[in-house]
Amino acid sequence: MTKPAVSLVAVAGRRRATLELGQRLEQEGFAGIYGPSPGDGLALCEALALATRAIPLGTSIANIYTRHPFEYSQTAAVVHELSGGRFRFGVGVSHGPTHRRLGLQVGKPLEDVRKFVADVRAAAPQVGALPPIVLATLRRRMVELAGEIADGCVWANGARSHMARSLAHLPESARANPDFFIGDMVPTCIDPDRAAAAAVNRRTLTSYVKLPNYQNYWIEAGYEQEMLAIRAAIARGDDARIPELMSDRWLSDVTLFGPAKDVREGVEAWRAAGVRTVIVVPSSTRGGQLKAFEELIAAFE
């Protein structure tokens, strides 16, 4: 059984325990550790580069607007070297609420990403060898850009049924290259009580279904009825209704939940859909991140 990769956050007050968990995930044979922007995924990768020996590492993703490209290039080069080439630098533009909360001035996503990647790579003569750069992707134009300028693409909360259509936007050179990274971060909750696990995933995705770019993606993927109903609820100020508007069909296409056997089979289904690196994002009905990882490790023993 090939185990998936995982998404891991360095939670304040438990960062040492997070590194120990990373070491255990390596010992257990998981396929990689990917740090999202909460908790500073890049800093976590730097620590894991020294705390682990062989497991692949990456950011999924680092926000291109929060640091200067030269600063990012310096740190990425350090992690790349310290990890022995295990590190992938996943970057993206994040979302409007984050931009507003941090007071960030942003431009057009495609132009900004293209310039960022060029600026990071231009620093190589000063900072040293750089890791592969992976772009956060969702819809056609960013997927095409990843195939043109990057070393991989990664979705978050992608729809499995839509993945073949999304991957068709990559050039044949990328699809035929086994080193071209293709990943998806999949919210995951393991519990024999499928309804309880589904409720956790609905809470996890409530903030995402409020974002227009995600709504547009899921409409494209075949979930127009759900997204239009959610938009109407938001317009009425009726956010409490949002979870019940996330259909079971949509939730099963975007997340993994239920008994361990169902989750294992779901990981394989994602691979069959063309996702080379399935990154499970574990939650639990019974506790926080550490409890969720206990359940995940047990499910893949």
# chains A, B, ... in the order shown; residues from 1 in each chain; ligands from 1
$ residues_around --residues "Thr188 (chain A)" --least-positions-apart "6" --cutoff "6 Å" --atoms "only C-alpha atoms" --output "PyMOL selection string"
chain A and resi 255-257+280-282
$ write_last_selection --atoms "C-alpha atoms" --output "PDB file, in the first residue's frame"
ATOM      1  CA  THR A 255     -12.949  15.496   0.211  1.00  0.00           C
ATOM      2  CA  LEU A 256     -12.315  12.112   1.834  1.00  0.00           C
ATOM      3  CA  PHE A 257     -14.326  10.989   4.838  1.00  0.00           C
ATOM      4  CA  VAL A 280      -4.364  14.525   2.787  1.00  0.00           C
ATOM      5  CA  VAL A 281      -5.308  17.379   5.108  1.00  0.00           C
ATOM      6  CA  PRO A 282      -6.417  15.512   8.226  1.00  0.00           C
TER       7      PRO A 282
END
$ residues_around --residues "Asn216 (chain A)" --least-positions-apart "3" --cutoff "12 Å" --atoms "only C-alpha atoms" --output "MDAnalysis selection string"
chainID A and resid 138:140 208:213 219:228 230:231
$ select_by_dssp --residues "region 146-199 of chain A" --states "strand (DSSP E or B)" --output "list in words"
Gly152, Cys153, Val154, Trp155, Ala156, Phe181, Ile182, Gly183, Asp184, Met185, Val186, Pro187, Thr188, Cys189 and Ile190 of chain A
$ write_last_selection --atoms "N, CA and C atoms" --output "short mmCIF file (atom, residue, chain, number, x, y, z; two decimals), in the first residue's frame"
data_model
loop_
_atom_site.label_atom_id
_atom_site.label_comp_id
_atom_site.auth_asym_id
_atom_site.auth_seq_id
_atom_site.Cartn_x
_atom_site.Cartn_y
_atom_site.Cartn_z
N GLY A 152 5.72 22.15 -11.57
CA GLY A 152 4.61 21.37 -11.04
C GLY A 152 3.42 22.25 -10.76
N CYS A 153 2.32 21.60 -10.39
CA CYS A 153 1.09 22.31 -10.05
C CYS A 153 0.43 21.57 -8.89
N VAL A 154 -0.26 22.34 -8.06
CA VAL A 154 -0.94 21.73 -6.91
C VAL A 154 -2.29 22.41 -6.72
N TRP A 155 -3.31 21.60 -6.58
CA TRP A 155 -4.65 22.09 -6.26
C TRP A 155 -4.87 22.00 -4.75
N ALA A 156 -5.83 22.75 -4.27
CA ALA A 156 -6.37 22.56 -2.94
C ALA A 156 -7.88 22.44 -3.10
N PHE A 181 5.56 17.85 -10.83
CA PHE A 181 4.74 17.59 -9.64
C PHE A 181 3.27 17.86 -9.96
N ILE A 182 2.41 16.91 -9.65
CA ILE A 182 0.96 17.09 -9.77
C ILE A 182 0.35 16.65 -8.44
N GLY A 183 -0.15 17.61 -7.68
CA GLY A 183 -0.68 17.30 -6.36
C GLY A 183 -2.05 17.92 -6.12
N ASP A 184 -2.70 17.41 -5.10
CA ASP A 184 -3.96 18.00 -4.65
C ASP A 184 -4.07 17.81 -3.14
N MET A 185 -4.46 18.86 -2.45
CA MET A 185 -4.68 18.81 -1.01
C MET A 185 -6.14 18.46 -0.78
N VAL A 186 -6.36 17.34 -0.09
CA VAL A 186 -7.70 16.80 0.05
C VAL A 186 -8.11 16.80 1.53
N PRO A 187 -9.08 17.62 1.92
CA PRO A 187 -9.57 17.55 3.31
C PRO A 187 -10.03 16.14 3.64
N THR A 188 -9.59 15.63 4.79
CA THR A 188 -9.80 14.22 5.12
C THR A 188 -10.21 14.08 6.58
N CYS A 189 -11.23 13.30 6.83
CA CYS A 189 -11.65 13.00 8.20
C CYS A 189 -12.02 11.52 8.27
N ILE A 190 -11.36 10.80 9.16
CA ILE A 190 -11.56 9.36 9.31
C ILE A 190 -12.42 9.09 10.53
#
$ residues_around --residues "Thr52 (chain A)" --least-positions-apart "2" --cutoff "8 Å" --atoms "only C-alpha atoms" --output "list in words"
Gly22, Gln23, Glu26, Leu48, Ala49, Leu50, Ala54 and Ile55 of chain A
$ atom_distance --atom1 "CA of Tyr72 (chain A)" --atom2 "CA of Gly58 (chain A)"
13.6 Å
$ residues_around --residues "Lys115 (chain A)" --least-positions-apart "6" --cutoff "12 Å" --atoms "only C-alpha atoms" --output "ChimeraX atom specification"
/A:64-65,68-69,107-109,121-122,145,149
